[in-house]
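K.L.:
Next up, run31.tsv (TSV, C-alpha atoms and all ligand atoms).
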chain	number	residue	atom	x	y	z
A	1	MET	CA	-1.72	6.91	-6.26
A	2	PRO	CA	-2.18	4.48	-3.37
A	3	GLY	CA	-5.37	4.77	-1.39
A	4	PHE	CA	-3.85	2.44	1.23
A	5	GLU	CA	-1.85	5.40	2.49
A	6	LEU	CA	-5.03	6.95	3.77
A	7	PHE	CA	-6.78	3.88	5.21
A	8	GLY	CA	-8.50	5.15	8.31
A	9	ALA	CA	-11.61	5.63	10.40
A	10	LEU	CA	-14.11	5.57	7.53
A	11	GLU	CA	-12.75	2.31	6.16
A	12	ARG	CA	-12.83	0.76	9.65
A	13	GLU	CA	-16.37	1.94	10.23
A	14	GLU	CA	-17.73	0.41	7.01
A	15	THR	CA	-15.81	-2.82	7.57
A	16	ASN	CA	-17.08	-3.06	11.14
A	17	LYS	CA	-20.67	-2.80	9.94
A	18	VAL	CA	-20.08	-5.98	7.95
A	19	LEU	CA	-18.21	-7.70	10.77
A	20	ARG	CA	-21.10	-7.01	13.15
A	21	THR	CA	-23.48	-8.96	10.90
A	22	GLY	CA	-20.97	-11.66	9.99
A	23	VAL	CA	-22.40	-11.82	6.46
A	24	LEU	CA	-19.27	-11.68	4.36
A	25	MET	CA	-20.92	-12.61	1.06
A	26	ARG	CA	-22.47	-10.08	-1.30
A	27	TYR	CA	-25.44	-12.25	-2.32
A	28	GLY	CA	-28.21	-13.81	-0.24
A	29	PHE	CA	-28.56	-14.15	3.54
A	30	ASP	CA	-31.12	-11.35	3.46
A	31	GLY	CA	-32.45	-12.12	6.93
A	32	LEU	CA	-29.07	-11.98	8.63
A	33	ARG	CA	-27.47	-9.00	7.03
A	34	GLN	CA	-29.30	-6.24	8.89
A	35	GLY	CA	-29.60	-4.09	5.80
A	36	GLN	CA	-25.85	-4.18	4.99
A	37	TRP	CA	-25.19	-4.51	1.23
A	38	LYS	CA	-21.71	-3.10	0.79
A	39	ALA	CA	-21.04	-4.38	-2.75
A	40	LYS	CA	-24.37	-3.01	-3.93
A	41	GLU	CA	-23.77	0.32	-2.20
A	42	MET	CA	-20.34	0.66	-3.76
A	43	GLU	CA	-21.70	-0.21	-7.20
A	44	LYS	CA	-24.27	2.55	-6.82
A	45	ALA	CA	-21.67	5.07	-5.67
A	46	LEU	CA	-19.29	4.12	-8.50
A	47	ALA	CA	-21.95	4.25	-11.23
A	48	ASN	CA	-23.04	7.60	-9.87
A	49	ARG	CA	-19.51	9.05	-9.80
A	50	MET	CA	-18.75	7.76	-13.30
A	51	GLY	CA	-22.05	8.92	-14.77
A	52	VAL	CA	-22.99	5.47	-16.09
A	53	LYS	CA	-26.03	3.24	-15.74
A	54	HIS	CA	-24.26	0.16	-14.41
A	55	ALA	CA	-21.31	-0.85	-12.30
A	56	GLN	CA	-20.38	-4.44	-11.48
A	57	LEU	CA	-17.96	-4.96	-8.64
A	58	LEU	CA	-15.54	-7.87	-9.12
A	59	SER	CA	-12.71	-9.62	-7.34
A	60	SER	CA	-9.91	-7.77	-9.17
A	61	GLY	CA	-9.04	-5.51	-12.08
A	62	THR	CA	-7.86	-8.58	-13.99
A	63	ALA	CA	-11.27	-10.14	-13.34
A	64	ALA	CA	-12.90	-6.94	-14.64
A	65	LEU	CA	-10.96	-7.18	-17.92
A	66	THR	CA	-11.75	-10.88	-18.24
A	67	VAL	CA	-15.44	-10.39	-17.51
A	68	ALA	CA	-15.60	-7.45	-19.94
A	69	LEU	CA	-14.22	-9.62	-22.75
A	70	CYS	CA	-16.73	-12.36	-21.93
A	71	ALA	CA	-19.57	-9.87	-21.66
A	72	ALA	CA	-18.74	-8.82	-25.24
A	73	GLU	CA	-18.87	-12.51	-26.22
A	74	ILE	CA	-15.20	-12.58	-27.18
A	75	GLY	CA	-13.65	-16.05	-27.21
A	76	ALA	CA	-11.63	-18.67	-29.04
A	77	GLY	CA	-9.49	-17.34	-31.87
A	78	ASP	CA	-10.73	-13.75	-31.63
A	79	GLU	CA	-8.06	-11.06	-31.62
A	80	VAL	CA	-7.90	-8.23	-29.12
A	81	ILE	CA	-5.62	-5.25	-29.61
A	82	MET	CA	-3.62	-4.12	-26.57
A	83	PRO	CA	-0.60	-1.85	-26.00
A	84	THR	CA	3.03	-2.87	-25.44
A	85	PHE	CA	3.06	-0.75	-22.27
A	86	THR	CA	0.51	-1.94	-19.71
A	87	PHE	CA	0.37	-4.40	-16.84
A	88	VAL	CA	0.60	-8.14	-17.65
A	89	ALA	CA	-3.09	-8.39	-16.69
A	90	SER	CA	-4.13	-7.19	-20.18
A	91	PHE	CA	-2.37	-10.14	-21.81
A	92	GLU	CA	-3.58	-12.59	-19.16
A	93	ALA	CA	-7.22	-11.56	-19.43
A	94	ILE	CA	-7.23	-11.96	-23.21
A	95	LEU	CA	-5.53	-15.38	-22.98
A	96	SER	CA	-7.93	-16.54	-20.28
A	97	VAL	CA	-10.91	-16.31	-22.62
A	98	GLY	CA	-9.10	-18.18	-25.40
A	99	ALA	CA	-8.52	-15.05	-27.47
A	100	ILE	CA	-5.26	-13.78	-28.96
A	101	PRO	CA	-3.52	-10.68	-27.60
A	102	VAL	CA	-2.24	-8.48	-30.43
A	103	LEU	CA	0.46	-6.13	-29.19
A	104	VAL	CA	0.49	-2.65	-30.70
A	105	ASP	CA	2.85	0.32	-30.37
A	106	ILE	CA	2.32	3.24	-28.07
A	107	ASP	CA	3.12	6.88	-28.84
A	108	ASP	CA	4.16	9.89	-26.76
A	109	SER	CA	0.89	9.61	-24.81
A	110	LEU	CA	2.33	6.32	-23.42
A	111	THR	CA	-0.88	4.69	-24.65
A	112	LEU	CA	-2.05	3.06	-27.89
A	113	ASP	CA	-1.05	4.87	-31.08
A	114	PRO	CA	-4.26	5.00	-33.17
A	115	LYS	CA	-2.33	4.69	-36.45
A	116	ALA	CA	-0.59	1.56	-35.27
A	117	VAL	CA	-3.92	0.22	-34.06
A	118	GLU	CA	-5.48	0.76	-37.46
A	119	ALA	CA	-2.64	-1.14	-39.12
A	120	ALA	CA	-3.13	-4.09	-36.73
A	121	ILE	CA	-6.86	-4.58	-37.32
A	122	SER	CA	-7.62	-7.89	-39.05
A	123	SER	CA	-10.74	-9.84	-39.92
A	124	LYS	CA	-10.38	-11.59	-36.54
A	125	THR	CA	-10.16	-8.43	-34.43
A	126	LYS	CA	-13.06	-8.09	-32.00
A	127	ALA	CA	-11.98	-5.38	-29.58
A	128	ILE	CA	-9.50	-2.62	-28.85
A	129	MET	CA	-8.34	-2.45	-25.22
A	130	PRO	CA	-6.55	0.84	-24.58
A	131	VAL	CA	-4.85	1.14	-21.22
A	132	HIS	CA	-4.86	4.56	-19.60
A	133	MET	CA	-1.42	4.09	-18.08
A	134	CYS	CA	-0.01	6.18	-15.27
A	135	GLY	CA	-3.00	8.45	-14.86
A	136	SER	CA	-3.55	9.63	-18.43
A	137	MET	CA	-5.64	8.43	-21.33
A	138	ALA	CA	-5.44	7.09	-24.84
A	139	ASN	CA	-6.86	9.09	-27.73
A	140	LEU	CA	-10.35	7.72	-27.23
A	141	ARG	CA	-11.90	9.78	-30.00
A	142	ALA	CA	-9.61	8.24	-32.62
A	143	LEU	CA	-9.93	4.73	-31.18
A	144	SER	CA	-13.70	4.98	-30.95
A	145	ALA	CA	-13.86	6.06	-34.61
A	146	LEU	CA	-11.83	2.96	-35.56
A	147	CYS	CA	-14.18	0.79	-33.52
A	148	LYS	CA	-17.22	2.22	-35.30
A	149	GLU	CA	-15.62	1.82	-38.71
A	150	HIS	CA	-14.57	-1.80	-38.12
A	151	ASN	CA	-17.42	-2.86	-35.83
A	152	LEU	CA	-15.22	-3.49	-32.78
A	153	PHE	CA	-15.74	-3.08	-29.05
A	154	LEU	CA	-13.84	-0.42	-27.12
A	155	ILE	CA	-12.90	-1.72	-23.66
A	156	GLU	CA	-11.05	0.84	-21.54
A	157	ASP	CA	-8.56	-0.29	-18.93
A	158	ALA	CA	-8.79	2.63	-16.53
A	159	CYS	CA	-7.17	0.74	-13.64
A	160	GLN	CA	-4.46	3.40	-13.23
A	161	ALA	CA	-6.50	6.45	-14.13
A	162	ILE	CA	-9.70	6.44	-12.10
A	163	GLY	CA	-11.06	9.95	-11.80
A	164	GLY	CA	-9.42	11.28	-14.97
A	165	SER	CA	-11.69	12.36	-17.82
A	166	TYR	CA	-11.82	12.76	-21.58
A	167	GLU	CA	-14.06	15.21	-23.40
A	168	GLY	CA	-15.96	15.68	-20.16
A	169	LYS	CA	-16.57	11.97	-19.60
A	170	PRO	CA	-14.97	10.06	-16.74
A	171	LEU	CA	-12.33	7.59	-18.00
A	172	GLY	CA	-13.91	4.18	-18.28
A	173	SER	CA	-17.26	5.59	-19.37
A	174	TYR	CA	-16.28	6.58	-22.92
A	175	GLY	CA	-16.06	3.13	-24.51
A	176	ASP	CA	-18.45	0.18	-24.47
A	177	MET	CA	-17.09	-0.89	-21.10
A	178	GLY	CA	-14.53	0.42	-18.65
A	179	CYS	CA	-12.49	-1.50	-16.09
A	180	PHE	CA	-11.05	-0.44	-12.74
A	181	SER	CA	-8.76	-2.11	-10.26
A	182	PHE	CA	-9.02	-1.58	-6.52
A	183	ASP	CA	-5.98	-3.63	-5.61
A	184	TYR	CA	-3.82	-2.44	-2.76
A	185	VAL	CA	-1.68	0.03	-4.73
A	186	LYS	CA	-4.33	1.77	-6.82
A	187	THR	CA	-5.74	5.28	-6.33
A	188	ILE	CA	-8.57	3.83	-4.28
A	189	THR	CA	-8.44	0.33	-2.87
A	190	CYS	CA	-10.66	-2.50	-1.66
A	191	GLY	CA	-7.59	-4.46	-0.54
A	192	GLU	CA	-8.36	-6.60	-3.58
A	193	GLY	CA	-11.13	-5.74	-6.00
A	194	GLY	CA	-12.14	-4.35	-9.35
A	195	ALA	CA	-15.13	-3.13	-11.30
A	196	LEU	CA	-16.64	-2.96	-14.74
A	197	ILE	CA	-18.79	0.01	-15.76
A	198	THR	CA	-21.08	0.31	-18.77
A	199	ASN	CA	-24.20	1.96	-20.12
A	200	ASN	CA	-25.11	-1.21	-22.00
A	201	SER	CA	-27.64	-3.30	-20.09
A	202	LYS	CA	-26.82	-6.47	-22.02
A	203	PHE	CA	-23.16	-6.22	-21.03
A	204	GLN	CA	-24.22	-5.51	-17.46
A	205	LYS	CA	-26.41	-8.60	-17.38
A	206	HIS	CA	-23.64	-10.71	-18.86
A	207	ALA	CA	-21.15	-9.39	-16.29
A	208	ASP	CA	-23.56	-9.89	-13.40
A	209	HIS	CA	-24.30	-13.52	-14.30
A	210	TYR	CA	-20.86	-14.48	-15.59
A	211	SER	CA	-19.06	-13.33	-12.45
A	212	ASP	CA	-21.30	-15.54	-10.27
A	213	HIS	CA	-21.37	-18.97	-11.97
A	214	GLY	CA	-24.10	-17.87	-14.38
A	215	HIS	CA	-26.64	-17.09	-11.63
A	216	ASP	CA	-29.45	-14.98	-13.07
A	217	HIS	CA	-30.09	-13.37	-9.66
A	218	VAL	CA	-33.86	-13.60	-10.02
A	219	GLY	CA	-35.90	-14.23	-6.87
A	220	ASN	CA	-34.55	-14.60	-3.35
A	221	ASP	CA	-33.56	-18.24	-3.21
A	222	ARG	CA	-30.04	-18.63	-4.61
A	223	GLY	CA	-30.38	-22.38	-5.00
A	224	LYS	CA	-33.40	-21.98	-7.25
A	225	GLU	CA	-31.94	-19.33	-9.54
A	226	GLU	CA	-31.60	-20.17	-13.24
A	227	HIS	CA	-28.31	-20.37	-15.18
A	228	PRO	CA	-28.87	-19.06	-18.71
A	229	PHE	CA	-25.15	-19.44	-19.58
A	230	LEU	CA	-22.01	-20.65	-17.86
A	231	GLY	CA	-19.91	-18.46	-15.67
A	232	TYR	CA	-17.14	-18.53	-13.09
A	233	ASN	CA	-16.58	-16.95	-9.71
A	234	PHE	CA	-15.24	-13.42	-9.87
A	235	ARG	CA	-17.24	-12.16	-6.88
A	236	ILE	CA	-15.94	-9.59	-4.43
A	237	SER	CA	-16.45	-10.18	-0.71
A	238	GLU	CA	-18.48	-7.79	1.43
A	239	LEU	CA	-15.42	-6.96	3.53
A	240	ASN	CA	-13.45	-5.82	0.50
A	241	ALA	CA	-16.45	-3.91	-0.80
A	242	ALA	CA	-16.83	-2.17	2.57
A	243	VAL	CA	-13.27	-0.81	2.33
A	244	GLY	CA	-13.95	0.32	-1.24
A	245	LEU	CA	-17.20	2.00	-0.30
A	246	ALA	CA	-15.35	4.20	2.17
A	247	GLN	CA	-12.65	4.88	-0.40
A	248	ILE	CA	-14.93	5.79	-3.33
A	249	ARG	CA	-16.46	8.45	-1.11
A	250	ARG	CA	-12.97	9.87	-0.67
A	251	LEU	CA	-11.95	9.61	-4.33
A	252	ASP	CA	-12.33	13.29	-5.13
A	253	ASP	CA	-10.34	14.26	-2.04
A	254	PHE	CA	-7.57	11.87	-3.08
A	255	LEU	CA	-7.57	13.30	-6.60
A	256	ALA	CA	-7.24	16.83	-5.25
A	257	ILE	CA	-4.20	15.80	-3.19
A	258	GLN	CA	-2.68	14.02	-6.20
A	259	LYS	CA	-3.20	17.04	-8.40
A	260	ALA	CA	-1.68	19.43	-5.84
A	261	ASN	CA	1.41	17.21	-5.36
A	262	TYR	CA	1.76	16.64	-9.10
A	263	THR	CA	1.55	20.36	-9.77
A	264	ILE	CA	4.35	21.21	-7.35
A	265	ILE	CA	6.70	18.72	-9.03
A	266	ARG	CA	5.56	19.68	-12.52
A	267	ASN	CA	6.17	23.39	-11.91
A	268	GLU	CA	9.69	22.65	-10.76
A	269	LEU	CA	10.38	20.40	-13.77
A	270	GLU	CA	8.96	22.94	-16.24
A	271	LYS	CA	12.07	25.00	-15.50
A	272	VAL	CA	14.37	22.23	-16.75
A	273	SER	CA	15.29	22.43	-20.41
A	274	ASN	CA	15.62	19.44	-22.72
A	275	ILE	CA	12.90	17.34	-21.21
A	276	THR	CA	9.41	16.93	-22.62
A	277	PHE	CA	6.31	15.81	-20.85
A	278	ARG	CA	4.09	12.93	-21.74
A	279	ALA	CA	1.41	14.07	-24.23
A	280	VAL	CA	-2.15	14.22	-22.96
A	281	PRO	CA	-4.74	13.93	-25.75
A	282	GLU	CA	-6.73	17.10	-26.35
A	283	GLY	CA	-9.83	17.14	-24.15
A	284	GLY	CA	-8.21	14.94	-21.54
A	285	ILE	CA	-7.72	15.58	-17.84
A	286	GLU	CA	-5.29	13.30	-16.01
A	287	ASN	CA	-5.94	11.80	-12.61
A	288	TYR	CA	-2.39	12.85	-11.69
A	289	SER	CA	-1.32	9.50	-10.28
A	290	PHE	CA	2.07	9.79	-12.02
A	291	LEU	CA	4.15	12.51	-13.61
A	292	SER	CA	5.87	11.18	-16.74
A	293	PHE	CA	8.53	12.85	-18.84
A	294	PHE	CA	11.04	12.03	-21.59
A	295	LEU	CA	14.78	12.54	-21.62
A	296	GLU	CA	16.80	12.81	-24.79
A	297	ASN	CA	17.96	9.24	-25.00
A	298	ARG	CA	17.91	5.88	-23.27
A	299	GLU	CA	21.29	6.17	-21.55
A	300	GLU	CA	20.38	9.51	-20.05
A	301	ALA	CA	17.04	8.22	-18.79
A	302	LYS	CA	18.71	5.23	-17.17
A	303	ARG	CA	21.31	7.39	-15.51
A	304	VAL	CA	18.76	9.88	-14.22
A	305	GLN	CA	16.66	7.08	-12.78
A	306	THR	CA	19.65	5.59	-10.95
A	307	GLU	CA	20.66	8.97	-9.58
A	308	LEU	CA	17.15	9.78	-8.45
A	309	THR	CA	17.08	6.53	-6.52
A	310	ASP	CA	20.54	7.27	-5.09
A	311	ALA	CA	19.32	10.72	-4.05
A	312	GLY	CA	16.59	9.03	-2.02
A	313	VAL	CA	13.71	9.81	-4.37
A	314	ASP	CA	11.67	6.61	-4.27
A	315	GLY	CA	8.90	5.78	-6.72
A	316	CYS	CA	10.72	6.88	-9.90
A	317	PHE	CA	10.01	4.24	-12.50
A	318	TYR	CA	12.02	3.37	-15.58
A	319	TRP	CA	9.37	1.14	-17.16
A	320	PHE	CA	11.54	0.13	-20.10
A	321	ASP	CA	13.37	-2.35	-17.84
A	322	ASN	CA	10.33	-3.34	-15.80
A	323	ASN	CA	9.37	-7.01	-15.53
A	324	TRP	CA	5.62	-6.45	-15.27
A	325	HIS	CA	4.73	-3.45	-17.36
A	326	TYR	CA	6.61	-3.62	-20.64
A	327	TYR	CA	6.51	-6.34	-23.32
A	328	LYS	CA	10.31	-6.66	-23.49
A	329	LYS	CA	10.48	-8.59	-20.23
A	330	TRP	CA	7.42	-10.74	-20.83
A	331	GLU	CA	9.20	-13.86	-22.06
A	332	HIS	CA	6.82	-15.97	-19.96
A	333	LEU	CA	3.92	-14.57	-21.98
A	334	LEU	CA	5.57	-14.32	-25.38
A	335	GLU	CA	6.91	-17.86	-25.11
A	336	ALA	CA	3.59	-19.07	-23.71
A	337	LYS	CA	5.11	-20.67	-20.62
A	338	SER	CA	1.78	-21.92	-19.32
A	339	LEU	CA	1.52	-24.73	-16.77
A	340	GLY	CA	-0.96	-26.63	-18.88
A	341	LYS	CA	-1.29	-26.66	-22.66
A	342	LEU	CA	-2.76	-23.65	-24.41
A	343	PRO	CA	-4.90	-24.05	-27.54
A	344	LYS	CA	-2.81	-24.33	-30.73
A	345	GLU	CA	-4.45	-21.26	-32.24
A	346	VAL	CA	-3.45	-19.17	-29.24
A	347	ILE	CA	0.15	-20.42	-29.26
A	348	HIS	CA	0.35	-19.60	-32.96
A	349	GLY	CA	-1.13	-16.14	-32.35
A	350	ILE	CA	1.29	-15.38	-29.53
A	351	GLY	CA	4.21	-16.60	-31.63
A	352	LYS	CA	3.43	-13.98	-34.24
A	353	GLN	CA	3.79	-11.21	-31.63
A	354	LYS	CA	7.41	-12.10	-30.99
A	355	SER	CA	8.53	-11.23	-34.48
A	356	ASN	CA	6.95	-7.78	-34.40
A	357	ASN	CA	9.10	-4.70	-34.24
A	358	PHE	CA	8.11	-2.18	-31.60
A	359	ALA	CA	10.77	0.44	-32.27
A	360	ALA	CA	8.33	3.29	-31.68
A	361	SER	CA	7.39	1.94	-28.25
A	362	ASP	CA	11.07	1.34	-27.44
A	363	ASN	CA	11.87	4.91	-28.37
A	364	TRP	CA	9.26	6.40	-26.04
A	365	MET	CA	9.64	3.94	-23.18
A	366	GLY	CA	13.43	3.98	-23.35
A	367	ARG	CA	13.43	7.73	-22.71
A	368	ASN	CA	10.64	7.84	-20.17
A	369	ILE	CA	10.67	8.25	-16.42
A	370	SER	CA	7.46	8.18	-14.40
A	371	VAL	CA	7.32	9.63	-10.93
A	372	LEU	CA	4.68	8.12	-8.67
A	373	ILE	CA	2.55	10.74	-6.92
A	374	LYS	CA	1.73	9.74	-3.37
A	375	LEU	CA	-1.06	10.96	-1.13
A	376	GLY	CA	0.70	10.97	2.24
A	377	TRP	CA	3.49	13.48	1.55
A	378	SER	CA	3.66	16.65	3.62
A	379	SER	CA	4.00	19.87	1.64
A	380	GLU	CA	7.65	20.16	2.73
A	381	GLU	CA	8.31	16.66	1.51
A	382	VAL	CA	6.79	17.37	-1.92
A	383	SER	CA	8.71	20.62	-2.33
A	384	LYS	CA	11.98	18.99	-1.38
A	385	ARG	CA	11.27	16.05	-3.68
A	386	ALA	CA	10.40	18.44	-6.54
A	387	GLN	CA	13.69	20.27	-6.08
A	388	THR	CA	15.76	17.12	-5.91
A	389	ILE	CA	14.17	15.70	-9.04
A	390	ALA	CA	14.67	18.95	-10.93
A	391	GLU	CA	18.31	19.16	-9.80
A	392	VAL	CA	19.15	15.61	-10.84
A	393	VAL	CA	17.40	15.95	-14.18
A	394	SER	CA	18.88	19.35	-15.04
A	395	LYS	CA	22.40	18.18	-14.23
A	396	HIS	CA	22.06	15.64	-17.01
A	397	THR	CA	20.19	17.58	-19.58
A	398	ARG	CA	22.59	20.51	-19.41
A	399	THR	CA	25.47	18.28	-20.51
A	400	THR	CA	23.76	17.08	-23.66
A	401	PRO	CA	24.81	19.07	-26.73
A	501	LIG	C1	-3.55	-3.04	-11.56
A	501	LIG	C2	-3.83	-3.15	-12.98
A	501	LIG	C3	-4.61	-4.17	-13.51
A	501	LIG	C4	-5.07	-5.38	-12.74
A	501	LIG	O1	-5.68	-5.14	-11.56
A	501	LIG	P1	-5.64	-6.21	-10.36
A	501	LIG	O2	-6.74	-5.70	-9.49
A	501	LIG	O3	-4.31	-6.11	-9.71
A	501	LIG	O4	-5.94	-7.53	-10.94
A	501	LIG	C5	-4.90	-4.13	-14.86
A	501	LIG	N1	-4.45	-3.16	-15.65
A	501	LIG	C6	-3.67	-2.16	-15.17
A	501	LIG	C7	-3.22	-1.09	-16.10
A	501	LIG	C8	-3.32	-2.14	-13.83
A	501	LIG	O5	-2.51	-1.17	-13.39
Output the file's structure as structure tokens, nothing else.
P.N.:
Amino acid sequence: MPGFELFGALEREETNKVLRTGVLMRYGFDGLRQGQWKAKEMEKALANRMGVKHAQLLSSGTAALTVALCAAEIGAGDEVIMPTFTFVASFEAILSVGAIPVLVDIDDSLTLDPKAVEAAISSKTKAIMPVHMCGSMANLRALSALCKEHNLFLIEDACQAIGGSYEGKPLGSYGDMGCFSFDYVKTITCGEGGALITNNSKFQKHADHYSDHGHDHVGNDRGKEEHPFLGYNFRISELNAAVGLAQIRRLDDFLAIQKANYTIIRNELEKVSNITFRAVPEGGIENYSFLSFFLENREEAKRVQTELTDAGVDGCFYWFDNNWHYYKKWEHLLEAKSLGKLPKEVIHGIGKQKSNNFAASDNWMGRNISVLIKLGWSSEEVSKRAQTIAEVVSKHTRTTP
């Protein structure tokens, strides 16, 4: 997945163009910037690649999620449905706008189970935020139907799946809004950065103003711009955008490498009996940033993960025990350990999450191992890795009755 592995001449060249002008801010300074508008250029390239009308570059993927919720006018006391398996950013973004995160089970796609989502919809629900974890997508057709039926927004977190698609549409472009992260370990990186994409011009306008203190960006004197509504600062810097501009141009090359490496490991693992692969919804194409599979039970998965690490295979994740990606280890969120006081409504809403039973999620996550697909491996390295993984896994699965 990580674009940082292939940071090189193109990234340096775009960054140097910005350094030569010294204009490190994306807005204003028209006279000094010698025609360099890296954030704008990257937005154009991203919108183009994703087949959408608008892209708004932001300071992070978390900022993208936050801005998306605000753009949809979600706020105090509203409920937003999110999966038990994601990055803590989903929970944080929802909390940061005063809304209540409602945790919902995942299924064998490792993403939101539409049936569980349906059961969680209440009169307060405003949006469903599926997270396309580890390179593959949620069942967007089913979730979109629920959104239509209940008048909800569909906000896709495609931070880990840029370049994948569903029913011919790039991930992130299927719902009302889609969010990407360009942090240092994502498929393409800005160092730090993120983006929101949409076809809805109202959401775009909201995101554009909200991420820059409410500036309406009319005219060419920043100080005189109007502020139709309040906002905060979620701007990206020109230097970060310059790195991302180089990387978005390389996205399809990165995806091809990911797919080739994934395929070598997958072909080797297909020969192993008693494992199943993560389900990809019909009509979906992964971005191949991870290869995820299920063992027969939790103990076996744990053992295999330990042995893979012992055998020198790095980047094999057992998410079930992970501090950042699975609800079980989120006591700081579920017990609302905030520095300052949170609104009573929010504390009450979070409290309700703790008593929920996520046995279905525990079943899938407890048996899952995800292998990170890197870009920098040589073909010998991938083949060797594929063989080692298959050997370790088959040793265990053969012993199960
Ligand atoms: C990385 C990530 C984010 C947050 O992105 P940052 O740029 O690190 O803030 C959100 N959701 C998922 C699924 C992620 O993997």
K.L.:
Which neighbours of A:Ala55 fall inside 7 Å, counting all atoms listed in the file, when residues of the same chain fewer than 4 positions from it are skipped, and could you give them as a PyMOL selection string?
P.N.:
chain A and resi 43+46-47+195-198
K.L.:
Counting only C-alpha atoms and all ligand atoms, what are the residues, protein, DNA or RNA alike, that approach ligand LIG 501 (chain A) to within 7 Å? I want them as an mmCIF file with C-alpha atoms, in the coordinates of the input.
P.N.:
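Below is the file result01.cif, written as the result:
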data_model
loop_
_atom_site.group_PDB
_atom_site.id
_atom_site.type_symbol
_atom_site.label_atom_id
_atom_site.label_comp_id
_atom_site.auth_asym_id
_atom_site.auth_seq_id
_atom_site.Cartn_x
_atom_site.Cartn_y
_atom_site.Cartn_z
ATOM 1 C CA SER A 60 -9.910 -7.770 -9.170
ATOM 2 C CA GLY A 61 -9.040 -5.510 -12.080
ATOM 3 C CA THR A 62 -7.860 -8.580 -13.990
ATOM 4 C CA ALA A 63 -11.270 -10.140 -13.340
ATOM 5 C CA THR A 86 0.510 -1.940 -19.710
ATOM 6 C CA PHE A 87 0.370 -4.400 -16.840
ATOM 7 C CA ALA A 89 -3.090 -8.390 -16.690
ATOM 8 C CA SER A 90 -4.130 -7.190 -20.180
ATOM 9 C CA VAL A 131 -4.850 1.140 -21.220
ATOM 10 C CA HIS A 132 -4.860 4.560 -19.600
ATOM 11 C CA MET A 133 -1.420 4.090 -18.080
ATOM 12 C CA ASP A 157 -8.560 -0.290 -18.930
ATOM 13 C CA ALA A 158 -8.790 2.630 -16.530
ATOM 14 C CA CYS A 159 -7.170 0.740 -13.640
ATOM 15 C CA GLN A 160 -4.460 3.400 -13.230
ATOM 16 C CA SER A 181 -8.760 -2.110 -10.260
ATOM 17 C CA PHE A 182 -9.020 -1.580 -6.520
ATOM 18 C CA ASP A 183 -5.980 -3.630 -5.610
ATOM 19 C CA LYS A 186 -4.330 1.770 -6.820
ATOM 20 C CA GLU A 192 -8.360 -6.600 -3.580
ATOM 21 C CA GLY A 193 -11.130 -5.740 -6.000
ATOM 22 C CA GLY A 194 -12.140 -4.350 -9.350
#
K.L.:
Do you have, as JSON lines, the list of residues of stretch 76-174 of chain A lying at most 8 Å from stretch 364-387 of chain A, each with its nearest atom pair and that distance in Å to one decimal, counting all atoms listed in the file and ordered by chain then number?
P.N.:
{"residue": "A:Ile106", "atom": "CA", "partner": "A:Trp364", "partner_atom": "CA", "distance": 7.9}
{"residue": "A:Asp107", "atom": "CA", "partner": "A:Trp364", "partner_atom": "CA", "distance": 6.8}
{"residue": "A:Asp108", "atom": "CA", "partner": "A:Trp364", "partner_atom": "CA", "distance": 6.2}
{"residue": "A:Leu110", "atom": "CA", "partner": "A:Trp364", "partner_atom": "CA", "distance": 7.4}
{"residue": "A:Cys134", "atom": "CA", "partner": "A:Ser370", "partner_atom": "CA", "distance": 7.8}
K.L.:
For A:Ala120, which residue out of A:Glu335, A:Glu167, A:Glu391, A:Asp105 is the nearest one, using only C-alpha atoms?
P.N.:
A:Asp105
K.L.:
Tell me which of A:Glu282, A:Ala138, A:Arg33, A:Ala71 sits closest to A:Gly214, counting only C-alpha atoms.
P.N.:
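Using only C-alpha atoms, the shortest distance to A:Gly214 belongs to A:Ala71.
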K.L.:
Quick one: residues within 8 Å of A:Glu11, all atoms listed in the file, excluding same-chain residues fewer than 2 positions away - as a VMD selection string?
P.N.:
chain A and resid 7 to 9 13 to 15 242 to 247
K.L.:
For stretch 140-156 of chain A, find every residue with an atom within 9 Å (counting only C-alpha atoms), except residues of its own chain fewer than 3 positions away, and show them as a compact mmCIF listing (two decimals) with C-alpha atoms, in the frame of the given file.
P.N.:
# COMPACT_ATOMS: atom_id res chain seq x y z
CA LEU A 65 -10.96 -7.18 -17.92
CA ALA A 68 -15.60 -7.45 -19.94
CA LEU A 69 -14.22 -9.62 -22.75
CA ALA A 72 -18.74 -8.82 -25.24
CA LEU A 112 -2.05 3.06 -27.89
CA ASP A 113 -1.05 4.87 -31.08
CA PRO A 114 -4.26 5.00 -33.17
CA LYS A 115 -2.33 4.69 -36.45
CA VAL A 117 -3.92 0.22 -34.06
CA GLU A 118 -5.48 0.76 -37.46
CA ILE A 121 -6.86 -4.58 -37.32
CA THR A 125 -10.16 -8.43 -34.43
CA LYS A 126 -13.06 -8.09 -32.00
CA ALA A 127 -11.98 -5.38 -29.58
CA ILE A 128 -9.50 -2.62 -28.85
CA MET A 129 -8.34 -2.45 -25.22
CA PRO A 130 -6.55 0.84 -24.58
CA VAL A 131 -4.85 1.14 -21.22
CA HIS A 132 -4.86 4.56 -19.60
CA MET A 137 -5.64 8.43 -21.33
CA CYS A 159 -7.17 0.74 -13.64
CA TYR A 166 -11.82 12.76 -21.58
CA GLU A 167 -14.06 15.21 -23.40
CA LEU A 171 -12.33 7.59 -18.00
CA GLY A 172 -13.91 4.18 -18.28
CA SER A 173 -17.26 5.59 -19.37
CA TYR A 174 -16.28 6.58 -22.92
CA GLY A 175 -16.06 3.13 -24.51
CA ASP A 176 -18.45 0.18 -24.47
CA MET A 177 -17.09 -0.89 -21.10
CA GLY A 178 -14.53 0.42 -18.65
CA CYS A 179 -12.49 -1.50 -16.09
CA PHE A 180 -11.05 -0.44 -12.74
CA PRO A 281 -4.74 13.93 -25.75
